[in-house]
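What's in query-v3.cif: mmCIF, C-alpha atoms
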data_query
#
loop_
_atom_site.label_atom_id
_atom_site.label_comp_id
_atom_site.auth_asym_id
_atom_site.auth_seq_id
_atom_site.Cartn_x
_atom_site.Cartn_y
_atom_site.Cartn_z
CA ILE A 1 25.80 23.23 32.16
CA ARG A 2 28.22 25.06 29.88
CA GLY A 3 26.64 28.03 28.06
CA ALA A 4 23.40 27.87 30.04
CA SER A 5 22.11 30.01 32.89
CA GLU A 6 22.27 28.64 36.44
CA LEU A 7 18.76 27.35 37.16
CA ASN A 8 17.46 25.64 40.28
CA ARG A 9 14.86 22.87 40.15
CA GLU A 10 11.91 25.27 40.39
CA ASP A 11 13.33 27.45 37.60
CA ARG A 12 13.85 24.37 35.45
CA HIS A 13 10.24 23.30 35.95
CA ASP A 14 9.07 26.77 34.92
CA LEU A 15 11.34 26.53 31.87
CA LEU A 16 9.75 23.22 30.84
CA VAL A 17 6.24 24.66 31.23
CA GLY A 18 7.19 27.70 29.15
CA TYR A 19 8.89 25.52 26.55
CA VAL A 20 5.84 23.30 26.08
CA ASN A 21 3.33 26.15 25.94
CA ASN A 22 5.36 28.39 23.64
CA LEU A 23 6.20 25.54 21.28
CA ALA A 24 2.49 24.72 21.14
CA LYS A 25 1.64 28.37 20.38
CA ASN A 26 4.26 28.52 17.64
CA LEU A 27 2.97 25.30 16.10
CA GLY A 28 -0.68 26.17 16.63
CA SER A 29 -1.22 22.71 18.11
CA MET A 30 -0.69 21.38 21.62
CA PRO A 31 -1.00 17.72 20.50
CA ALA A 32 1.68 18.21 17.82
CA ALA A 33 3.97 19.96 20.31
CA LEU A 34 3.51 17.21 22.91
CA THR A 35 4.23 14.58 20.24
CA MET A 36 7.55 16.22 19.43
CA ILE A 37 8.51 16.79 23.07
CA ALA A 38 7.43 13.29 24.10
CA TRP A 39 9.67 11.80 21.41
CA ALA A 40 12.55 14.01 22.62
CA ASN A 41 11.93 12.94 26.23
CA ALA A 42 12.00 9.28 25.15
CA ASN A 43 15.49 9.84 23.70
CA ALA A 44 16.94 9.67 27.21
CA TYR A 45 15.49 6.15 27.52
CA SER A 46 16.26 5.06 23.95
CA LYS A 47 19.08 2.68 24.89
CA LYS A 48 16.83 0.87 27.36
CA LEU A 49 13.94 0.85 24.89
CA PHE A 50 16.11 -0.45 22.06
CA GLU A 51 17.39 -3.25 24.29
CA ALA A 52 13.77 -4.20 25.05
CA TYR A 53 12.24 -3.79 21.57
CA GLY A 54 15.12 -3.88 19.08
CA PHE A 55 14.19 -0.47 17.64
CA PHE A 56 13.49 3.16 18.47
CA PRO A 57 11.35 5.32 16.12
CA PHE A 58 12.56 8.24 14.05
CA LEU A 59 10.74 11.56 14.27
CA PHE A 60 9.72 12.89 10.86
CA MET A 61 8.73 16.59 10.74
CA TRP A 62 7.48 17.92 7.44
CA GLY A 63 5.63 20.90 6.05
CA ARG A 64 5.63 23.68 3.51
CA HIS A 65 8.74 25.65 2.67
CA ALA A 66 9.52 28.72 4.80
CA LYS A 67 7.18 27.76 7.65
CA GLY A 68 9.87 27.47 10.33
CA LYS A 69 10.42 23.73 10.18
CA THR A 70 14.19 23.92 10.64
CA THR A 71 13.82 26.32 13.58
CA LEU A 72 11.34 23.96 15.24
CA ILE A 73 13.70 21.03 14.74
CA LYS A 74 16.59 22.95 16.28
CA TRP A 75 14.50 24.02 19.27
CA LEU A 76 13.75 20.34 19.87
CA MET A 77 17.40 19.33 19.48
CA ALA A 78 18.40 22.16 21.84
CA THR A 79 16.97 20.17 24.76
CA TYR A 80 20.14 18.08 24.45
CA GLY A 81 22.43 20.83 23.15
CA MET A 82 22.58 19.13 19.73
CA GLN A 83 21.09 21.87 17.54
CA ASP A 84 24.40 22.74 15.88
CA ILE A 85 26.68 19.72 16.03
CA GLY A 86 23.87 17.24 15.33
CA TYR A 87 22.22 19.01 12.38
CA ALA A 88 22.86 18.30 8.70
CA SER A 89 20.91 18.72 5.45
CA LEU A 90 20.64 15.81 3.04
CA PRO A 91 21.65 17.76 -0.11
CA ASN A 92 24.96 18.67 1.58
CA LEU A 93 25.55 15.29 3.18
CA GLY A 94 27.73 13.69 0.52
CA THR A 95 28.33 10.00 1.25
CA GLY A 96 27.03 10.30 4.80
CA VAL A 97 30.18 8.75 6.29
CA GLY A 98 30.82 11.66 8.65
CA PHE A 99 27.18 11.80 9.74
CA ALA A 100 27.16 8.05 10.42
CA ARG A 101 30.36 8.42 12.46
CA ASN A 102 28.69 11.06 14.63
CA MET A 103 25.73 8.74 15.14
CA SER A 104 28.14 6.28 16.73
CA VAL A 105 29.65 8.95 19.00
CA PHE A 106 26.54 10.66 20.44
CA SER A 107 24.42 8.30 22.54
CA SER A 108 20.68 8.64 23.21
CA VAL A 109 20.50 12.18 21.82
CA PRO A 110 18.96 13.36 18.52
CA MET A 111 20.79 13.87 15.23
CA CYS A 112 18.93 15.45 12.30
CA LEU A 113 18.86 15.10 8.53
CA ASP A 114 16.86 17.98 7.06
CA GLU A 115 15.68 18.68 3.49
CA VAL A 116 14.57 15.10 2.86
CA ARG A 117 12.72 15.16 -0.47
CA ALA A 118 10.93 12.89 -2.92
CA ASP A 119 14.04 12.75 -5.11
CA GLN A 120 16.68 10.24 -6.10
CA GLN A 121 19.20 11.33 -3.48
CA THR A 122 16.71 10.60 -0.70
CA LYS A 123 15.83 7.26 -2.29
CA ASN A 124 19.53 6.37 -2.24
CA PHE A 125 19.52 6.82 1.56
CA TYR A 126 16.45 4.72 2.34
CA GLY A 127 18.66 1.69 2.95
CA HIS A 128 20.77 3.73 5.39
CA PHE A 129 17.64 4.91 7.22
CA ARG A 130 16.40 1.36 7.74
CA ALA A 131 19.84 0.24 8.95
CA TRP A 132 20.08 3.17 11.38
CA TYR A 133 16.63 2.32 12.74
CA ASN A 134 18.00 -1.12 13.58
CA ARG A 135 21.15 0.57 14.95
CA GLN A 136 23.32 -1.11 12.34
CA GLY A 137 26.20 1.04 11.14
CA ARG A 138 28.83 0.55 8.44
CA THR A 139 30.97 -2.57 8.33
CA LEU A 140 34.64 -1.54 8.52
CA GLY A 141 37.91 -3.37 8.14
CA VAL A 142 40.29 -3.68 11.08
CA LYS A 143 43.57 -1.86 10.53
CA GLY A 144 46.49 -4.27 10.25
CA ASN A 145 44.24 -7.34 9.95
CA GLN A 146 42.76 -8.20 6.56
CA THR A 147 40.57 -10.99 7.92
CA LYS A 148 38.64 -9.07 10.58
CA VAL A 149 35.85 -6.53 10.32
CA HIS A 150 33.77 -4.62 12.85
CA THR A 151 30.40 -2.92 12.59
CA GLN A 152 30.15 0.73 13.50
CA GLU A 153 27.56 1.18 16.24
CA VAL A 154 24.60 3.53 15.96
CA ARG A 155 23.86 5.13 19.33
CA SER A 156 22.00 8.33 18.53
CA THR A 157 18.38 8.82 17.51
CA LEU A 158 17.26 10.54 14.30
CA ILE A 159 15.01 13.40 13.23
CA LEU A 160 14.14 13.65 9.53
CA GLY A 161 12.80 16.92 8.13
CA GLY A 162 11.35 17.80 4.74
CA GLN A 163 8.60 19.34 2.64
CA ASP A 164 7.12 16.00 1.63
CA VAL A 165 6.09 12.77 3.30
CA LEU A 166 8.44 9.84 2.80
CA THR A 167 7.68 7.85 -0.34
CA ASP A 168 9.27 4.65 0.96
CA ALA A 169 6.66 2.73 2.96
CA ALA A 170 9.25 0.78 4.95
CA THR A 171 11.02 3.96 6.11
CA ARG A 172 7.77 5.76 6.78
CA SER A 173 6.52 2.94 9.01
CA ARG A 174 9.59 3.51 11.18
CA CYS A 175 8.68 7.14 11.92
CA ILE A 176 6.49 9.21 14.18
CA GLU A 177 5.15 11.84 11.77
CA VAL A 178 4.38 15.45 12.64
CA GLN A 179 3.06 17.77 9.95
CA ILE A 180 3.94 21.43 10.57
CA PRO A 181 0.63 23.36 10.34
CA THR A 182 0.29 26.34 8.03
CA ASN A 183 -2.54 28.22 9.75
CA GLY A 184 -3.48 29.08 13.33
CA ARG A 185 0.07 29.71 14.53
CA GLU A 186 1.39 32.50 16.77
CA MET A 187 4.91 33.01 15.45
CA GLN A 188 6.09 36.28 16.99
CA GLU A 189 5.89 36.32 20.80
CA SER A 190 6.48 32.57 21.02
CA TYR A 191 9.47 32.84 18.67
CA VAL A 192 11.05 35.59 20.79
CA TRP A 193 10.47 33.61 24.00
CA MET A 194 12.06 30.47 22.55
CA GLU A 195 15.04 32.20 20.96
CA GLN A 196 15.89 34.13 24.13
CA ARG A 197 16.12 30.89 26.10
CA VAL A 198 17.43 28.40 23.54
CA ASP A 199 20.76 27.94 25.36
CA ASP A 200 18.90 27.06 28.56
CA PHE A 201 16.80 24.32 26.93
CA ARG A 202 19.56 21.81 27.61
CA TRP A 203 18.49 21.92 31.27
CA ILE A 204 15.31 20.15 30.13
CA GLY A 205 17.33 17.34 28.59
CA PHE A 206 19.58 17.26 31.66
CA ASP A 207 16.59 16.55 33.89
CA TRP A 208 15.32 13.89 31.46
CA ILE A 209 18.72 12.15 31.49
CA GLN A 210 18.82 12.30 35.31
CA GLU A 211 15.37 10.73 35.50
CA ALA A 212 16.26 8.01 32.97
CA ALA A 213 19.41 7.09 34.88
CA HIS A 214 17.41 6.25 38.01
CA ILE A 215 14.26 4.69 36.56
CA GLU A 216 13.44 1.00 36.96
CA VAL A 217 13.08 -0.58 33.54
CA GLY A 218 10.43 -3.14 34.53
CA PRO A 219 7.70 -0.67 35.57
CA LEU A 220 8.52 1.54 32.56
CA LEU A 221 8.03 -1.33 30.10
CA GLU A 222 4.84 -2.40 31.89
CA ALA A 223 3.41 1.12 31.52
CA LEU A 224 4.35 1.14 27.83
CA ARG A 225 2.69 -2.26 27.34
CA SER A 226 -0.51 -0.86 28.83
CA HIS A 227 -0.53 2.00 26.31
CA GLU A 228 0.34 -0.39 23.49
CA LYS A 229 -2.58 -2.69 24.32
CA GLU A 230 -5.05 0.20 24.24
CA ILE A 231 -3.71 1.43 20.90
CA VAL A 232 -3.79 -2.02 19.29
CA ALA A 233 -7.34 -2.63 20.55
CA ASP A 234 -8.66 0.59 18.96
CA VAL A 235 -6.47 0.98 15.89
CA HIS A 236 -5.70 -2.63 14.87
CA CYS A 237 -2.22 -1.70 13.72
CA ASP A 238 0.86 -3.88 13.85
CA SER A 239 2.85 -4.26 17.06
CA ARG A 240 5.79 -2.11 15.97
CA VAL A 241 3.65 0.91 15.07
CA ALA A 242 1.71 0.50 18.31
CA LYS A 243 4.96 0.48 20.30
CA HIS A 244 6.06 3.70 18.55
CA TRP A 245 2.88 5.51 19.55
CA ALA A 246 2.85 3.93 23.02
CA MET A 247 6.20 5.62 23.67
CA VAL A 248 4.81 8.96 22.50
CA SER A 249 1.58 8.51 24.44
CA PHE A 250 3.30 7.57 27.71
CA PHE A 251 5.88 10.36 27.72
CA GLY A 252 3.38 12.87 26.31
CA GLN A 253 0.89 12.19 29.10
CA ARG A 254 3.64 12.48 31.69
CA ILE A 255 4.81 15.85 30.34
CA ALA A 256 1.21 17.11 30.19
CA ALA A 257 0.73 16.15 33.84
CA LYS A 258 3.96 17.89 34.89
CA CYS A 259 2.88 21.06 33.09
CA ASN A 260 -0.75 20.88 34.29
CA ILE A 261 -2.07 20.62 30.72
CA ASP A 262 -5.60 19.22 30.44
CA ILE A 263 -5.47 16.87 27.45
CA ASP A 264 -6.42 13.26 26.75
CA PHE A 265 -3.17 12.56 24.97
CA LEU A 266 -3.69 8.79 24.72
CA SER A 267 -6.83 9.40 22.63
CA TYR A 268 -4.88 11.77 20.40
CA ALA A 269 -2.10 9.18 19.99
CA LYS A 270 -4.68 6.60 18.96
CA GLU A 271 -6.14 8.96 16.34
CA ALA A 272 -2.71 9.92 15.01
CA CYS A 273 -1.68 6.27 14.84
CA ALA A 274 -4.89 5.35 12.98
CA GLN A 275 -4.38 8.20 10.51
CA SER A 276 -0.80 7.13 9.82
CA VAL A 277 -2.02 3.62 9.02
CA VAL A 278 -4.71 4.97 6.64
CA ASP A 279 -2.24 7.31 4.93
CA GLN A 280 0.22 4.49 4.28
CA GLU A 281 -2.50 2.20 2.94
CA GLU A 282 -3.80 4.89 0.57
CA GLU A 283 -0.29 5.80 -0.59
CA ASN A 284 0.02 2.28 -2.00
CA CYS A 285 -3.51 2.09 -3.46
CA VAL A 286 -3.99 1.81 -7.25
CA LEU A 287 -7.40 3.11 -8.39
CA THR A 288 -9.19 3.91 -11.65
CA SER A 289 -12.46 5.62 -12.75
CA ASP A 290 -13.98 9.10 -12.92
CA HIS A 291 -12.73 11.48 -10.27
CA ILE A 292 -14.56 14.84 -10.28
CA ALA A 293 -18.14 15.76 -9.31
CA LEU A 294 -20.34 18.55 -8.00
CA ASP A 295 -22.20 18.45 -4.70
CA GLY A 296 -24.47 21.48 -4.84
CA ASP A 297 -22.05 24.37 -5.45
CA ASN A 298 -19.09 22.45 -4.06
CA LEU A 299 -16.38 20.83 -6.14
CA VAL A 300 -15.69 17.23 -5.09
CA LEU A 301 -12.38 15.63 -6.07
CA TRP A 302 -11.30 12.02 -5.83
CA MET A 303 -7.75 13.14 -5.20
CA THR A 304 -6.18 9.69 -5.11
CA GLU A 305 -7.24 9.10 -8.71
CA LEU A 306 -6.35 12.62 -9.86
CA ILE A 307 -2.84 12.37 -8.48
CA ARG A 308 -2.41 8.92 -9.98
CA LEU A 309 -3.32 10.28 -13.40
CA VAL A 310 -0.95 13.23 -13.05
CA LYS A 311 1.91 10.94 -12.08
CA GLN A 312 1.04 8.53 -14.88
CA LYS A 313 0.64 11.15 -17.63
CA GLY A 314 2.93 13.93 -16.45
CA GLY A 315 5.63 12.15 -14.52
CA SER A 316 8.05 12.04 -17.43
CA ILE A 317 7.99 15.82 -17.93
CA MET A 318 8.22 16.80 -14.25
CA ASN A 319 11.59 17.66 -12.77
CA GLU A 320 12.67 15.39 -9.92
CA GLY A 321 12.68 18.23 -7.41
CA GLU A 322 9.12 19.30 -8.36
CA ARG A 323 7.51 15.99 -7.42
CA PHE A 324 5.52 15.60 -4.22
CA SER A 325 3.93 12.46 -2.84
CA LYS A 326 0.19 12.02 -2.76
CA ASN A 327 -0.20 12.41 0.98
CA ALA A 328 1.89 15.59 1.00
CA ILE A 329 -0.42 17.13 -1.63
CA LEU A 330 -3.53 16.07 0.27
CA LYS A 331 -2.35 17.48 3.58
CA MET A 332 -1.31 20.75 1.91
CA LEU A 333 -4.74 20.96 0.26
CA GLN A 334 -6.35 20.83 3.71
CA ASP A 335 -4.48 24.02 4.64
CA GLU A 336 -6.10 26.01 1.80
CA PRO A 337 -8.92 28.47 2.64
CA TYR A 338 -11.28 26.87 0.11
CA TYR A 339 -10.98 23.40 1.69
CA VAL A 340 -14.28 22.31 3.29
CA GLU A 341 -13.93 18.68 4.35
CA CYS A 342 -12.85 15.17 3.47
CA LYS A 343 -15.70 12.66 3.39
CA ARG A 344 -17.02 9.53 1.73
CA HIS A 345 -18.73 10.46 -1.56
CA TYR A 346 -20.18 8.51 -4.47
CA MET A 347 -17.61 8.80 -7.27
CA GLY A 348 -16.74 7.08 -10.51
CA ASN A 349 -18.59 5.06 -13.14
CA ARG A 350 -19.55 2.41 -10.59
CA LYS A 351 -20.78 5.08 -8.18
CA ALA A 352 -18.64 3.62 -5.43
CA GLN A 353 -18.07 5.59 -2.25
CA ARG A 354 -14.62 7.16 -2.27
CA ARG A 355 -12.64 9.29 0.18
CA ALA A 356 -13.16 12.62 -1.59
CA TYR A 357 -12.14 16.22 -0.92
CA VAL A 358 -14.80 18.93 -0.94
CA LEU A 359 -13.78 22.45 -2.01
CA SER A 360 -15.85 25.62 -2.10
CA GLY A 361 -15.64 29.40 -2.15
CA ASN A 362 -13.15 31.46 -4.12
CA LEU A 363 -11.31 28.75 -6.01
CA PRO A 364 -8.08 29.37 -7.97
CA ALA A 365 -8.51 29.50 -11.74
CA PRO A 366 -7.35 25.91 -12.43
CA LEU A 367 -9.88 24.54 -9.93
CA GLU A 368 -12.65 26.76 -11.34
CA ASN A 369 -11.95 25.20 -14.74
CA ILE A 370 -12.14 21.74 -13.23
CA LYS A 371 -15.44 22.74 -11.63
CA LYS A 372 -16.82 23.68 -15.06
CA ILE A 373 -15.78 20.31 -16.43
CA ALA A 374 -17.43 18.57 -13.45
CA ALA A 375 -20.67 20.43 -14.25
CA LEU A 376 -20.67 18.81 -17.69
CA TYR A 377 -20.59 15.36 -16.09
CA SER A 378 -23.33 16.19 -13.57
#
Show the structure stored in the file as structure tokens.
Amino acid sequence: IRGASELNREDRHDLLVGYVNNLAKNLGSMPAALTMIAWANANAYSKKLFEAYGFFPFLFMWGRHAKGKTTLIKWLMATYGMQDIGYASLPNLGTGVGFARNMSVFSSVPMCLDEVRADQQTKNFYGHFRAWYNRQGRTLGVKGNQTKVHTQEVRSTLILGGQDVLTDAATRSRCIEVQIPTNGREMQESYVWMEQRVDDFRWIGFDWIQEAAHIEVGPLLEALRSHEKEIVADVHCDSRVAKHWAMVSFFGQRIAAKCNIDIDFLSYAKEACAQSVVDQEEENCVLTSDHIALDGDNLVLWMTELIRLVKQKGGSIMNEGERFSKNAILKMLQDEPYYVECKRHYMGNRKAQRRAYVLSGNLPAPLENIKKIAALYS
């Protein structure tokens, strides 16, 4: 492989084991790392999977600014040697014609659009995202014939990266989401290990492509159906979402077995799938009533209602680039040192149980003021 070291099969296995473990250390989460790598592994089978299902999921990686998201994305793309030629940022994309053309050239390997935000430019591309998911490209005229057209094929897969969750429910339902953690990460030794070997990562993709070229489709689809049935039985999600997570679960378990990693990855996939369904339902929920309370010395916030009020009252004075979706705010809140837990709590005038966020300890000044107000209601 051009630009890579010469590695025999044993060396390549050791490289995969090191890749998985160091990515997990850098992320601070083995399940999140396996989710990303499983999706990348499935890329080599994406043509077969699209022919069977009519779709292949996007991978959406998001997290706070300056937490290494772009580096993580490029390490993942490096398994197919696509970290440079396949990477683009949405603010610099322009019309997207060149990016779409590359998606028709590169087959069953990942392209990336980074810096996806909750702004108008991203909203303008939601239609493109849905078309790419269905592998429908631009409709073009045929040179020299005014009566004929042809549709540009979409052959590559897609990674989306950003600081915020996607605000379009239809696009979001087409993604496997991975939030980049803020805490619990080892970002020095693992970073050095990954960077020193980044040119060799394409050997991992090479082996995946070799395996995909010789696999029998029937047994593969049967194994995926088994995972899908288990996910649907526990999560009660729709068939498309279950198929997304069945792909991740199957390839994630296989990678864990190859690397001798003790993890029940199917159970994790079920939990992640269930959480994605809840997040999407709550993103679309419209609620009213009181939204702050005290529980002992803890501040309890009905965040769904608080965020709704902020958007309703302050939306007109907020700059487009300063807006974050509700689920992005909630997940960021869970990374704060004063976060205690999320639980059902009696909130509002009707004293209905709501999914509330409990905060304690050394709160920032704005939250301390909210706590004082909550004391007046208690």
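Every protein, DNA or RNA residue with an atom at most 6 Å from A:Ser107, where only C-alpha atoms count and chain neighbours fewer than 2 positions away do not, is listed here: A:Val109, A:Arg155, A:Ser156.
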Would you mind exporting the chosen residues as an mmCIF file, in the coordinates of the input, restricted to C-alpha atoms?
data_model
loop_
_atom_site.group_PDB
_atom_site.id
_atom_site.type_symbol
_atom_site.label_atom_id
_atom_site.label_comp_id
_atom_site.auth_asym_id
_atom_site.auth_seq_id
_atom_site.Cartn_x
_atom_site.Cartn_y
_atom_site.Cartn_z
ATOM 1 C CA VAL A 109 20.500 12.180 21.820
ATOM 2 C CA ARG A 155 23.860 5.130 19.330
ATOM 3 C CA SER A 156 22.000 8.330 18.530
#
Atom pair atom CA of A:Arg135 / atom CA of A:Ile255: separation (Å) |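 One can read the atom CA of A:Arg135 to atom CA of A:Ile255 distance as 27.2 Å.
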Residue contacts of stretch 244-250 of chain A (6 Å, all atoms listed in the file) excluding same-chain residues fewer than 6 positions away, as number ranges by chain = A: 38-39, 224, 227-228, 266, 269
Applied to the shown file, which residues does the PyMOL selection byres ((chain A and resi 22) around 10) return, written as a VMD selection string?
-> chain A and resid 16 to 21 23 to 28 30 33 186 to 187 189 to 194
Between A:Leu301, A:Ala131, A:Leu333, A:Val340, which is the closest to A:Gly54 once you count only C-alpha atoms?
-> A:Ala131
Using all atoms listed in the file, collect all residues at a distance of at most 9 Å from (24.4, 2.4, 16.3) as written in the file, then present them as a CSV table (one decimal) with C-alpha atoms, in the coordinates of the input.
chain,number,residue,atom,x,y,z
A,100,ALA,CA,27.2,8.0,10.4
A,103,MET,CA,25.7,8.7,15.1
A,104,SER,CA,28.1,6.3,16.7
A,105,VAL,CA,29.6,9.0,19.0
A,107,SER,CA,24.4,8.3,22.5
A,131,ALA,CA,19.8,0.2,9.0
A,132,TRP,CA,20.1,3.2,11.4
A,133,TYR,CA,16.6,2.3,12.7
A,134,ASN,CA,18.0,-1.1,13.6
A,135,ARG,CA,21.2,0.6,15.0
A,136,GLN,CA,23.3,-1.1,12.3
A,137,GLY,CA,26.2,1.0,11.1
A,151,THR,CA,30.4,-2.9,12.6
A,152,GLN,CA,30.2,0.7,13.5
A,153,GLU,CA,27.6,1.2,16.2
A,154,VAL,CA,24.6,3.5,16.0
A,155,ARG,CA,23.9,5.1,19.3
A,156,SER,CA,22.0,8.3,18.5
A,157,THR,CA,18.4,8.8,17.5
Length of the atom CA of A:Gln253 to atom CA of A:Gln280 vector [Å] =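 Going from atom CA of A:Gln253 over to atom CA of A:Gln280, I get 26.0 Å.
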Check what the PyMOL selection byres ((chain A and resi 213) around 12) selects in the file above and give those residues as a list in words.
->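 Evaluating the PyMOL selection byres ((chain A and resi 213) around 12) on this file yields Ala44, Tyr45, Ser46, Lys47, Lys48, Ser108, Phe206, Asp207, Trp208, Ile209, Gln210, Glu211, Ala212, His214, Ile215, Glu216 and Val217 of chain A.
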How far is it from atom CA of A:Tyr339 to atom CA of A:Asn298, in Å with one decimal?
-> 10.0 Å
Output check: residues returned by the PyMOL selection byres ((chain A and resi 234) around 12), as a PyMOL selection string | chain A and resi 227-233+235-238+242+266-274
Near-A:Leu113 list (8 Å; all atoms listed in the file; drop same-chain fewer than 6 positions) as a list in words =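 Contacts, with the query itself left out: Tyr87, Ala88, Ser89, Leu90, Leu158, Ile159, Leu160 and Gly161 of chain A.
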Output C-alpha atoms of each residue in that selection to a file, as a PDB file, keeping the file's coordinate frame.
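And here's part23.pdb as it stands now:
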ATOM      1  CA  TYR A  87      22.220  19.010  12.380  1.00  0.00           C
ATOM      2  CA  ALA A  88      22.860  18.300   8.700  1.00  0.00           C
ATOM      3  CA  SER A  89      20.910  18.720   5.450  1.00  0.00           C
ATOM      4  CA  LEU A  90      20.640  15.810   3.040  1.00  0.00           C
ATOM      5  CA  LEU A 158      17.260  10.540  14.300  1.00  0.00           C
ATOM      6  CA  ILE A 159      15.010  13.400  13.230  1.00  0.00           C
ATOM      7  CA  LEU A 160      14.140  13.650   9.530  1.00  0.00           C
ATOM      8  CA  GLY A 161      12.800  16.920   8.130  1.00  0.00           C
TER       9      GLY A 161
END
Pick from A:Ile307, A:Leu34, A:Ala328, A:Cys259, whichever lies nearest to A:Asp14 using all atoms listed in the file = A:Cys259
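Here the residues that fall within 9 Å of (-16.5, 16.4, -5.0), using all atoms listed in the file, are given as His291, Ile292, Ala293, Leu294, Asp295, Asn298, Leu299, Val300, Leu301, Trp302, His345, Tyr346, Met347, Ala356, Tyr357, Val358, Leu359 and Ala374 of chain A.
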Residue with smallest distance to A:Cys175 - pool A:Val198, A:Leu330, A:Val277, A:Ile85, counting all atoms listed in the file |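 Checking each candidate against A:Cys175, we get A:Val277 as the closest.
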Show which residues sit within 10 Å of A:Ser325, as a PyMOL selection string. Count only C-alpha atoms, and ignore same-chain residues fewer than 3 positions away.
-> chain A and resi 117-118+163-167+283+307+311+328-330
Which residues, written as number ranges by chain, have at least one atom at most 6 Å from stretch 61-74 of chain A, with all atoms listed in the file counted and residues fewer than 2 positions away on the same chain left out?
-> A: 76-78, 83, 161-163, 178-180
So which one's closest to A:Asp119, A:Glu10, A:Glu368, A:Asp168, A:Glu195? Using all atoms listed in the file, please.
->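 Under the stated criterion, the closest residue is A:Asp168.
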Starting from 8 Å padding per side, set up an axis-aligned box that covers all listed atoms of stretch 27-30 of chain A and hand over centre and edge lengths in Å, one decimal, as AutoDock Vina command-line options.
--center_x 0.9 --center_y 23.8 --center_z 18.9 --size_x 20.2 --size_y 20.8 --size_z 21.5
Counting only C-alpha atoms, which of A:Gly127, A:Arg197, A:Gly81, A:Phe60 gets nearest to A:Asp114?
->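 With only C-alpha atoms as the atom set, the closest residue is A:Phe60.
With all atoms listed in the file as the basis for measurement, A:Met303 is the residue among A:Gln188, A:Met303, A:Pro364, A:Asn260 that approaches A:Lys343 most closely.
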